[in-house]
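All remarks here apply to the structure that follows.
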Amino acid sequence: SSPVLSLPATPFAYDFAVAHTALVIIDMQRDFVEPGGFGETLGNDVSLLTAIVPACQTMLSAWRKAGGTVVHTREAHSADLSDCPPAKRNRGNPKLRIGDVGPMGRILVAGEPGNQIIPELAPMPGEIVIDKPGKGAFYATGLQEMLAERAITHLLFMGVTTEVCVQTSMREANDRGYDCLLLVDCTESYFPHFKAAAVEMIHAQGAIVGWTAPSTMVLTALA
Ligand code: C5J
């Protein structure tokens with residue numbers, strides 16, 4: 001049996017049972033998070049993103065200890081780029097395109113060094129790892145079926161970036177009927193005002209996309 005736990009989340013209480021909840025970690029891959037990767041090449045300050053790693057590690061290890069399902073995602077394309085629409089690759093005529101060789105191998109290509117999840121949050125055997133060609137974790141992946149097999153109804157989100165892949169994945173999940181909670185200290189953007197706006201728009205209008213809460217509330221509930 002898996003008791004129902006309750007958090008004083010925003011905008012109101014979030015109730016979940018560990019057995020029916022997955023922790024979804026979005027795109028904590030080296031190219032977005034580490035100095036010297038693709039994200040930094042684009043002119044972004046990756047120190048904003050590396051700052052959340054300790055909170056993510058604490059949450060992940062508590063969730064593993066509780067026996068909860070873990071999902072890791074990577075924004076990743078196949079080596080032949082057959083799953084990368086030209087509209088995505090060519091948008092804005094960038095200097096470094098998806099598939100080009102960047103500082104940590106080919107940009108956003110599966111199996112390249114920069115596409116690996118950072119070692120601090122490396123997947124363990126048995127955990128779900130999703131390579132997703134889009135921003136959302138459900139588009140063109142088998143995630144919904146994998147969650148259904150495990151009777152998962154609730155999703156806790158962390159990862160990067162808040163307003164792009166995290167929010168897109170939460171919106172996809174919300175439309176599929178999942179109750180979603182964003183762990184606010186375990187997500188970040190290259191643009192702090194975008195993170196703030198995304199958090200607010202997620203829990204506005206009676207949790208129109210989902211709930212938000214600090215990870216300490218989940219840690220307290222699990223303890
Ligand atoms: C993610 C991006 N993971 N910002 N990708 O958010 O392009």
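Labeling convention for the structure tokens: chains A, B, ... as they appear, residues from 1 per chain, ligands from 1 in order of appearance.
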
Can you pull out every residue with an atom within 9 Å of ligand 1? Use only C-alpha atoms and all ligand atoms and format it as an MDAnalysis selection string.
chainID A and resid 26:29 32 39 73:75 134:136 159:168 189:190

Those in stretch 5-189 of chain A with strand (DSSP E) from DSSP, as a VMD selection string
chain A and resid 5 to 7 14 to 17 21 to 26 69 to 75 101 to 102 105 to 106 128 to 132 154 to 160 179 to 188

Take the residues that were just selected and, keeping N, CA and C atoms, output them as a compact mmCIF listing (two decimals), in the first residue's frame.
# COMPACT_ATOMS: atom_id res chain seq x y z
N LEU A 5 0.03 11.21 0.33
CA LEU A 5 0.75 12.29 1.00
C LEU A 5 0.17 13.62 0.52
N SER A 6 0.22 14.62 1.37
CA SER A 6 -0.35 15.92 1.02
C SER A 6 0.66 17.03 1.26
N LEU A 7 0.81 17.91 0.27
CA LEU A 7 1.72 19.05 0.39
C LEU A 7 0.94 20.35 0.39
N TYR A 14 -1.59 19.60 -2.76
CA TYR A 14 -1.30 18.60 -3.80
C TYR A 14 -1.18 17.25 -3.10
N ASP A 15 -2.06 16.32 -3.50
CA ASP A 15 -2.09 15.00 -2.88
C ASP A 15 -1.56 13.96 -3.86
N PHE A 16 -0.69 13.10 -3.38
CA PHE A 16 -0.13 12.08 -4.28
C PHE A 16 0.29 10.85 -3.48
N ALA A 17 0.32 9.72 -4.15
CA ALA A 17 0.84 8.48 -3.58
C ALA A 17 2.10 8.13 -4.35
N THR A 21 3.18 7.94 -8.70
CA THR A 21 3.80 9.22 -9.04
C THR A 21 5.19 8.98 -9.62
N ALA A 22 5.54 9.72 -10.66
CA ALA A 22 6.90 9.65 -11.20
C ALA A 22 7.58 11.00 -11.04
N LEU A 23 8.88 10.94 -10.75
CA LEU A 23 9.73 12.13 -10.75
C LEU A 23 10.28 12.26 -12.17
N VAL A 24 9.97 13.36 -12.86
CA VAL A 24 10.39 13.54 -14.25
C VAL A 24 11.47 14.62 -14.30
N ILE A 25 12.66 14.23 -14.73
CA ILE A 25 13.81 15.15 -14.75
C ILE A 25 14.09 15.51 -16.20
N ILE A 26 13.82 16.77 -16.51
CA ILE A 26 13.87 17.21 -17.91
C ILE A 26 15.27 17.72 -18.29
N THR A 69 9.05 5.92 -9.07
CA THR A 69 9.46 5.82 -10.48
C THR A 69 10.21 7.09 -10.88
N VAL A 70 11.31 6.91 -11.62
CA VAL A 70 12.11 8.04 -12.09
C VAL A 70 12.14 8.04 -13.62
N VAL A 71 11.91 9.21 -14.21
CA VAL A 71 12.01 9.39 -15.66
C VAL A 71 13.06 10.47 -15.93
N HIS A 72 14.02 10.16 -16.78
CA HIS A 72 15.00 11.16 -17.24
C HIS A 72 14.71 11.43 -18.71
N THR A 73 14.79 12.70 -19.12
CA THR A 73 14.69 12.97 -20.55
C THR A 73 15.94 13.68 -21.04
N ARG A 74 16.17 13.54 -22.33
CA ARG A 74 17.23 14.29 -23.02
C ARG A 74 16.63 14.83 -24.30
N GLU A 75 16.96 16.07 -24.64
CA GLU A 75 16.60 16.57 -25.98
C GLU A 75 17.66 16.00 -26.91
N VAL A 101 29.25 19.85 -35.14
CA VAL A 101 30.17 19.48 -34.06
C VAL A 101 30.40 20.70 -33.15
N GLY A 102 30.03 20.56 -31.91
CA GLY A 102 30.21 21.62 -30.91
C GLY A 102 31.31 21.23 -29.94
N GLY A 105 30.99 17.43 -28.78
CA GLY A 105 30.46 16.52 -29.80
C GLY A 105 29.31 17.14 -30.56
N ARG A 106 28.63 16.31 -31.37
CA ARG A 106 27.55 16.85 -32.21
C ARG A 106 26.38 17.35 -31.36
N ILE A 128 13.56 5.07 -16.27
CA ILE A 128 13.15 5.35 -17.65
C ILE A 128 14.02 6.49 -18.20
N VAL A 129 14.56 6.29 -19.40
CA VAL A 129 15.32 7.36 -20.07
C VAL A 129 14.67 7.60 -21.43
N ILE A 130 14.23 8.83 -21.65
CA ILE A 130 13.50 9.19 -22.87
C ILE A 130 14.36 10.14 -23.71
N ASP A 131 14.65 9.75 -24.94
CA ASP A 131 15.25 10.69 -25.89
C ASP A 131 14.11 11.33 -26.66
N LYS A 132 13.99 12.65 -26.56
CA LYS A 132 12.84 13.33 -27.17
C LYS A 132 13.31 14.32 -28.23
N HIS A 154 0.40 10.85 -11.38
CA HIS A 154 0.92 12.12 -10.88
C HIS A 154 2.39 12.27 -11.29
N LEU A 155 2.77 13.48 -11.65
CA LEU A 155 4.15 13.73 -12.10
C LEU A 155 4.74 14.91 -11.34
N LEU A 156 5.96 14.70 -10.81
CA LEU A 156 6.73 15.77 -10.18
C LEU A 156 7.83 16.17 -11.17
N PHE A 157 7.88 17.45 -11.53
CA PHE A 157 8.82 17.90 -12.56
C PHE A 157 9.99 18.67 -11.98
N MET A 158 11.19 18.39 -12.50
CA MET A 158 12.33 19.26 -12.30
C MET A 158 13.16 19.29 -13.59
N GLY A 159 14.19 20.15 -13.65
CA GLY A 159 15.04 20.19 -14.83
C GLY A 159 15.02 21.53 -15.54
N VAL A 160 15.50 21.50 -16.78
CA VAL A 160 15.71 22.75 -17.53
C VAL A 160 15.16 22.65 -18.96
N ASP A 179 -1.85 14.86 -12.92
CA ASP A 179 -1.73 15.95 -11.94
C ASP A 179 -0.25 16.24 -11.79
N CYS A 180 0.15 17.46 -12.15
CA CYS A 180 1.58 17.80 -12.26
C CYS A 180 1.99 18.84 -11.23
N LEU A 181 3.15 18.61 -10.63
CA LEU A 181 3.73 19.56 -9.67
C LEU A 181 5.13 19.93 -10.14
N LEU A 182 5.41 21.24 -10.17
CA LEU A 182 6.75 21.71 -10.51
C LEU A 182 7.53 22.04 -9.23
N LEU A 183 8.72 21.46 -9.08
CA LEU A 183 9.58 21.71 -7.92
C LEU A 183 10.41 22.96 -8.23
N VAL A 184 10.04 24.08 -7.62
CA VAL A 184 10.53 25.38 -8.09
C VAL A 184 12.03 25.61 -7.88
N ASP A 185 12.60 24.98 -6.87
CA ASP A 185 14.04 25.16 -6.63
C ASP A 185 14.87 24.14 -7.41
N CYS A 186 14.21 23.26 -8.15
CA CYS A 186 14.89 22.22 -8.93
C CYS A 186 14.70 22.45 -10.43
N THR A 187 14.34 23.68 -10.80
CA THR A 187 14.19 24.03 -12.22
C THR A 187 14.80 25.41 -12.41
N GLU A 188 15.30 25.67 -13.61
CA GLU A 188 15.91 26.99 -13.86
C GLU A 188 15.87 27.30 -15.35

Extract the full set of helix (DSSP H, G or I) residues from stretch 52-121 of chain A according to DSSP on the backbone, and format it as number ranges by chain.
A: 53-66, 86-90, 113-115, 119-121

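Residue neighbourhood of A:Ala221, excluding near-sequence residues (fewer than 2 positions): Val4, Leu5, Ser6, Leu7, Ser215, Thr216, Met217, Val218, Leu219 and Ala223 of chain A, at 10 Å, using only C-alpha atoms.
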
Spatial neighbours of A:Ser47, max dist 9 Å, only C-alpha atoms, sep filter under 6 positions, as a ChimeraX atom specification:
/A:33-35,190

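Among the candidates A:Ala151, A:Phe191, A:His20, A:Leu108, the residue lying nearest to A:Gly43 is A:Phe191 (atoms considered: only C-alpha atoms).
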